[in-house]
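Colleague: Quick one, input-v7.cif (mmCIF, C-alpha atoms):
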```
data_target
#
loop_
_atom_site.label_atom_id
_atom_site.label_comp_id
_atom_site.auth_asym_id
_atom_site.auth_seq_id
_atom_site.Cartn_x
_atom_site.Cartn_y
_atom_site.Cartn_z
CA MET J 1 7.45 15.15 -18.72
CA GLU J 2 6.55 13.68 -15.37
CA LYS J 3 3.05 13.38 -14.06
CA ARG J 4 2.01 12.90 -10.43
CA PHE J 5 -1.09 11.19 -9.20
CA LYS J 6 -2.01 11.97 -5.60
CA TYR J 7 -3.74 9.33 -3.57
CA GLY J 8 -7.24 10.20 -2.48
CA LYS J 9 -8.38 10.44 1.09
CA PHE J 10 -8.60 7.37 3.27
CA ASP J 11 -11.87 5.54 2.78
CA ARG J 12 -14.41 5.27 5.58
CA ARG J 13 -13.32 1.75 6.52
CA ALA J 14 -9.65 2.74 6.86
CA ARG J 15 -10.56 5.77 8.98
CA ARG J 16 -12.73 3.63 11.27
CA ILE J 17 -10.07 0.93 11.64
CA THR J 18 -7.45 3.58 12.43
CA VAL J 19 -9.64 5.19 15.11
CA VAL J 20 -10.48 1.80 16.66
CA ALA J 21 -6.80 0.78 16.64
CA PHE J 22 -5.78 4.01 18.37
CA ALA J 23 -8.53 3.47 20.96
CA LEU J 24 -7.36 -0.11 21.60
CA ILE J 25 -3.74 1.03 21.92
CA GLY J 26 -4.81 3.72 24.37
CA ILE J 27 -6.83 1.25 26.42
CA ALA J 28 -3.92 -1.22 26.46
CA VAL J 29 -1.46 1.44 27.65
CA PHE J 30 -3.93 2.62 30.31
CA LEU J 31 -4.50 -0.94 31.55
CA LEU J 32 -0.74 -1.57 31.71
CA TRP J 33 -0.25 1.62 33.65
CA TYR J 34 -3.15 0.76 35.97
CA PHE J 35 -2.00 -2.80 36.75
CA TRP J 36 1.78 -2.33 36.73
CA GLY J 37 1.97 1.11 38.24
CA GLU J 38 3.67 4.21 36.91
CA GLY J 39 6.93 2.57 35.99
CA GLY J 40 8.70 -0.64 35.44
CA TYR J 41 10.25 -2.41 32.56
CA VAL J 42 6.98 -4.02 31.31
CA MET J 43 5.40 -0.63 30.75
CA ALA J 44 8.55 0.80 29.14
CA TRP J 45 9.00 -2.15 26.77
CA THR J 46 5.32 -2.23 25.79
CA VAL J 47 5.14 1.49 25.06
CA SER J 48 8.43 1.37 23.15
CA PHE J 49 7.22 -1.56 21.05
CA LEU J 50 3.86 0.11 20.31
CA MET J 51 5.58 3.37 19.31
CA ALA J 52 8.01 1.52 17.03
CA VAL J 53 5.20 -0.35 15.28
CA LEU J 54 3.11 2.82 14.97
CA THR J 55 6.09 4.68 13.50
CA LEU J 56 6.67 1.93 10.92
CA TYR J 57 3.02 2.12 9.84
CA VAL J 58 3.06 5.91 9.55
CA LEU J 59 6.28 5.88 7.51
CA SER J 60 4.78 3.33 5.08
CA VAL J 61 1.63 5.28 4.17
CA PRO J 62 1.43 5.80 0.37
CA ARG J 63 1.62 9.45 -0.78
CA ASP J 64 1.58 9.60 -4.56
CA ILE J 65 2.48 7.90 -7.84
CA LYS J 66 4.89 9.57 -10.26
CA VAL J 67 5.10 8.59 -13.91
CA GLY J 68 8.40 9.99 -15.16
CA GLU J 69 10.27 9.84 -18.44
CA ASP J 70 11.60 6.32 -17.90
CA VAL J 71 10.35 5.15 -14.51
CA LEU J 72 7.15 4.74 -12.54
CA GLU J 73 7.55 5.53 -8.85
CA ILE J 74 5.20 4.59 -6.04
CA ARG J 75 6.05 7.01 -3.24
CA CYS J 76 5.35 6.41 0.41
CA VAL J 77 6.28 8.70 3.30
CA LEU J 78 9.73 7.11 3.61
CA ASP J 79 9.98 4.49 0.85
CA ILE J 80 10.01 4.83 -2.94
CA THR J 81 9.29 1.78 -5.12
CA ARG J 82 10.69 2.28 -8.61
CA LEU J 83 9.49 0.36 -11.65
CA PRO J 84 11.70 1.13 -14.65
CA ALA J 85 9.62 1.49 -17.80
CA ALA J 86 11.66 -1.18 -19.55
CA GLU J 87 10.65 -3.68 -16.86
CA ILE J 88 6.89 -3.05 -16.84
CA LYS J 89 5.22 -5.98 -18.56
CA TYR J 90 1.49 -5.51 -17.87
CA VAL J 91 -0.75 -2.69 -16.74
CA ARG J 92 -4.36 -3.53 -15.98
CA ARG J 93 -7.33 -2.39 -13.98
CA VAL J 94 -8.32 -4.66 -11.10
CA GLU J 95 -11.95 -4.88 -10.14
CA ARG J 96 -12.92 -4.72 -6.49
CA GLU J 97 -14.38 -8.23 -6.66
CA GLU J 98 -10.95 -9.68 -7.55
CA MET J 99 -9.54 -8.14 -4.38
CA ARG J 100 -11.83 -10.28 -2.22
CA TRP J 101 -9.21 -13.03 -2.51
CA VAL J 102 -6.28 -10.88 -1.38
CA PHE J 103 -5.28 -11.04 2.30
CA VAL J 104 -2.58 -9.30 4.33
CA LEU J 105 0.64 -11.15 5.16
CA ALA J 106 2.74 -8.24 6.42
CA GLY J 107 1.41 -4.73 6.44
CA SER J 108 -1.82 -2.90 7.09
CA PHE J 109 -5.37 -3.84 6.24
CA GLY J 110 -7.04 -0.58 7.11
CA PHE J 111 -4.74 1.00 9.69
CA PHE J 112 -3.66 4.15 7.81
CA GLY J 113 -4.70 2.51 4.54
CA TYR J 114 -3.93 -0.80 2.86
CA PHE J 115 -0.26 -1.40 2.17
CA GLY J 116 2.38 -4.05 2.51
CA ILE J 117 2.75 -7.61 1.28
CA PHE J 118 -0.53 -9.39 0.59
CA PHE J 119 -1.30 -12.93 -0.55
CA ASP J 120 -3.56 -13.56 -3.54
CA ILE J 121 -5.31 -16.87 -2.85
CA ARG J 122 -6.58 -17.36 -6.40
CA ASN J 123 -3.17 -17.00 -8.04
CA ARG J 124 -1.23 -18.33 -5.03
CA GLU J 125 1.35 -15.53 -5.07
CA THR J 126 2.32 -12.44 -3.14
CA VAL J 127 1.35 -8.93 -4.18
CA ARG J 128 2.71 -5.54 -3.05
CA LEU J 129 -0.23 -3.27 -2.22
CA TYR J 130 -0.11 0.54 -1.95
CA CYS J 131 -3.65 1.84 -1.37
CA ARG J 132 -5.51 4.39 0.71
CA GLU J 133 -8.93 3.20 -0.39
CA TRP J 134 -10.31 -0.23 -1.20
CA ASN J 135 -11.36 0.83 -4.70
CA ASN J 136 -9.96 2.07 -8.07
CA PHE J 137 -7.15 -0.48 -8.35
CA VAL J 138 -4.43 -0.61 -11.00
CA GLU J 139 -2.00 -3.51 -11.20
CA PHE J 140 1.54 -3.29 -12.56
CA THR J 141 3.40 -6.52 -13.30
CA ASP J 142 7.10 -6.42 -14.04
CA ILE J 143 9.15 -8.77 -16.21
CA TYR J 144 10.17 -10.72 -13.11
CA GLY J 145 6.55 -11.55 -12.25
CA LYS J 146 6.24 -9.21 -9.26
CA ARG J 147 2.81 -7.62 -8.93
CA TYR J 148 2.18 -4.14 -7.55
CA ILE J 149 -1.36 -2.88 -6.93
CA VAL J 150 -2.11 0.79 -6.30
CA SER J 151 -5.31 2.75 -5.87
CA CYS J 152 -5.84 6.10 -7.52
CA PRO J 153 -8.92 8.32 -7.88
CA ARG J 154 -7.88 9.10 -11.49
CA VAL J 155 -7.47 5.45 -12.46
CA ASP J 156 -8.07 5.87 -16.22
CA GLU J 157 -5.55 8.69 -16.52
CA LEU J 158 -2.94 6.72 -14.55
CA MET J 159 -3.46 3.67 -16.76
CA ASP J 160 -3.12 5.75 -19.94
CA GLU J 161 0.16 7.30 -18.73
CA ALA J 162 1.57 3.95 -17.56
CA ILE J 163 0.62 2.18 -20.81
CA ALA J 164 2.18 5.01 -22.84
CA LEU J 165 5.35 4.74 -20.73
CA ARG J 166 5.45 0.95 -21.16
CA ARG J 167 4.96 1.18 -24.94
CA LYS J 168 7.69 3.80 -25.20
CA PHE J 169 10.25 1.34 -23.81
CA ALA J 170 8.73 -1.97 -24.96
CA GLY J 171 11.18 -2.37 -27.85
CA ARG J 172 14.25 -1.52 -25.74
CA ARG J 173 13.94 -4.18 -23.03
CA GLU J 174 17.19 -5.41 -21.64
CA VAL J 175 16.97 -8.67 -19.78
#
```
How does this structure look as structure tokens?
Modeller:
Amino acid sequence: MEKRFKYGKFDRRARRITVVAFALIGIAVFLLWYFWGEGGYVMAWTVSFLMAVLTLYVLSVPRDIKVGEDVLEIRCVLDITRLPAAEIKYVRRVEREEMRWVFVLAGSFGFFGYFGIFFDIRNRETVRLYCREWNNFVEFTDIYGKRYIVSCPRVDELMDEAIALRRKFAGRREV
């Protein structure tokens, strides 16, 4: 039986950063249009680049988490990250204070949420982050040492399902 956990709404900080980013993009496009006229290659390249980056961000927004019979899936608009149950080593809750030491390398820190590749300064390693709010974190670590952190409003229920899935396949690990 599969169970889905929808992400909550964007937190206030993510909404504010998104609005400010859209305002700055609008101002930049207006200033380019004002100084370079209504055409030209600078305006075309700049708008094309901004639209490509914006599209990549929108396609990477996390949607939901699915705990299936033998796999845990983190679903984004376009991407699906699959963690086979046999490869999940640890499931733990991450406190907000631990996340103070996690900084963005490639991805978004508030623009449409918090997702991408982040660097954990304390542990000196990279972490994949899939969050819409900067709260209610759950970390999944696979047998290869990769860390995935998600946020979910029903954090206890997600942890129970993931731990049950991990225990179900703990004895059948194939390395």
Colleague: Pick out the residues sitting within 7 Å of segment 17-26 of chain J, and hand them over as a compact mmCIF listing (two decimals) with C-alpha atoms, keeping the file's coordinate frame; count all atoms listed in the file, and ignore anything fewer than 4 positions along from it in its own chain.
Modeller:
```
# COMPACT_ATOMS: atom_id res chain seq x y z
CA ARG J 13 -13.32 1.75 6.52
CA PHE J 30 -3.93 2.62 30.31
CA GLY J 110 -7.04 -0.58 7.11
CA PHE J 111 -4.74 1.00 9.69
CA PHE J 112 -3.66 4.15 7.81
```
Colleague: For the file shown, report as a list in words the outcome of the PyMOL selection byres ((chain J and resi 100) around 12) at residue level.
Modeller: Val94, Glu95, Arg96, Glu97, Glu98, Met99, Trp101, Val102, Phe103, Val104, Phe118, Phe119, Asp120, Ile121, Arg122, Trp134 and Asn135 of chain J
Colleague: So, counting all atoms listed in the file, which residue among J:Leu32, J:Ser60, J:Tyr148, J:Ala106 is closest to Arg82 of chain J?
Modeller: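 Looking at the shortest contact to Arg82 of chain J, the residue is J:Tyr148.
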Colleague: Work out how far atom CA of Arg132 of chain J is from atom CA of Lys146 of chain J, in Å to one decimal.
Modeller: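 Separating atom CA of Lys146 of chain J from atom CA of Arg132 of chain J is a distance of 20.6 Å.
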Colleague: Record the distance separating atom CA of Lys3 of chain J and atom CA of Val67 of chain J, expressed in Å with one decimal.
Modeller: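 These atoms are spaced 5.2 Å apart.
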Colleague: Near Leu83 of chain J, counting only C-alpha atoms, which residues have an atom at most 8 Å away, once you skip same-chain residues fewer than 2 positions from it, shown as a list in words?
Modeller: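 In the requested form, the answer reads Val71, Leu72, Glu73, Thr81, Ala85, Glu87, Ile88 and Asp142 of chain J.
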Colleague: Check what the PyMOL selection byres ((chain J and resi 6) around 9) selects in the file above and give those residues as number ranges by chain.
Modeller: J: 4-5, 7-8, 63-66, 152-154
Colleague: Pick the closest to Asp70 of chain J from J:Trp36, J:Ala86, J:Tyr57, J:Arg12: which is it, counting all atoms listed in the file?
Modeller: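 The closest residue to Asp70 of chain J is J:Ala86.
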Colleague: Using the chain letters and numbering of this document, enumerate as a VMD selection string the residues selected by the PyMOL selection byres ((chain J and resi 56) around 12).
Modeller: chain J and resid 49 to 55 57 to 61 76 to 79 106 to 108 111 to 112 115 to 116
Colleague: Show which residues sit within 8 Å of Ile163 of chain J, as number ranges by chain. Count all atoms listed in the file, and ignore same-chain residues fewer than 4 positions away.
Modeller: J: 91, 159, 167
Colleague: Please compute the atom CA of Leu158 of chain J-atom CA of Tyr114 of chain J distance, one decimal, in Å.
Modeller: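 Taking atom CA of Leu158 of chain J as the start and atom CA of Tyr114 of chain J as the end point, the length is 19.0 Å.
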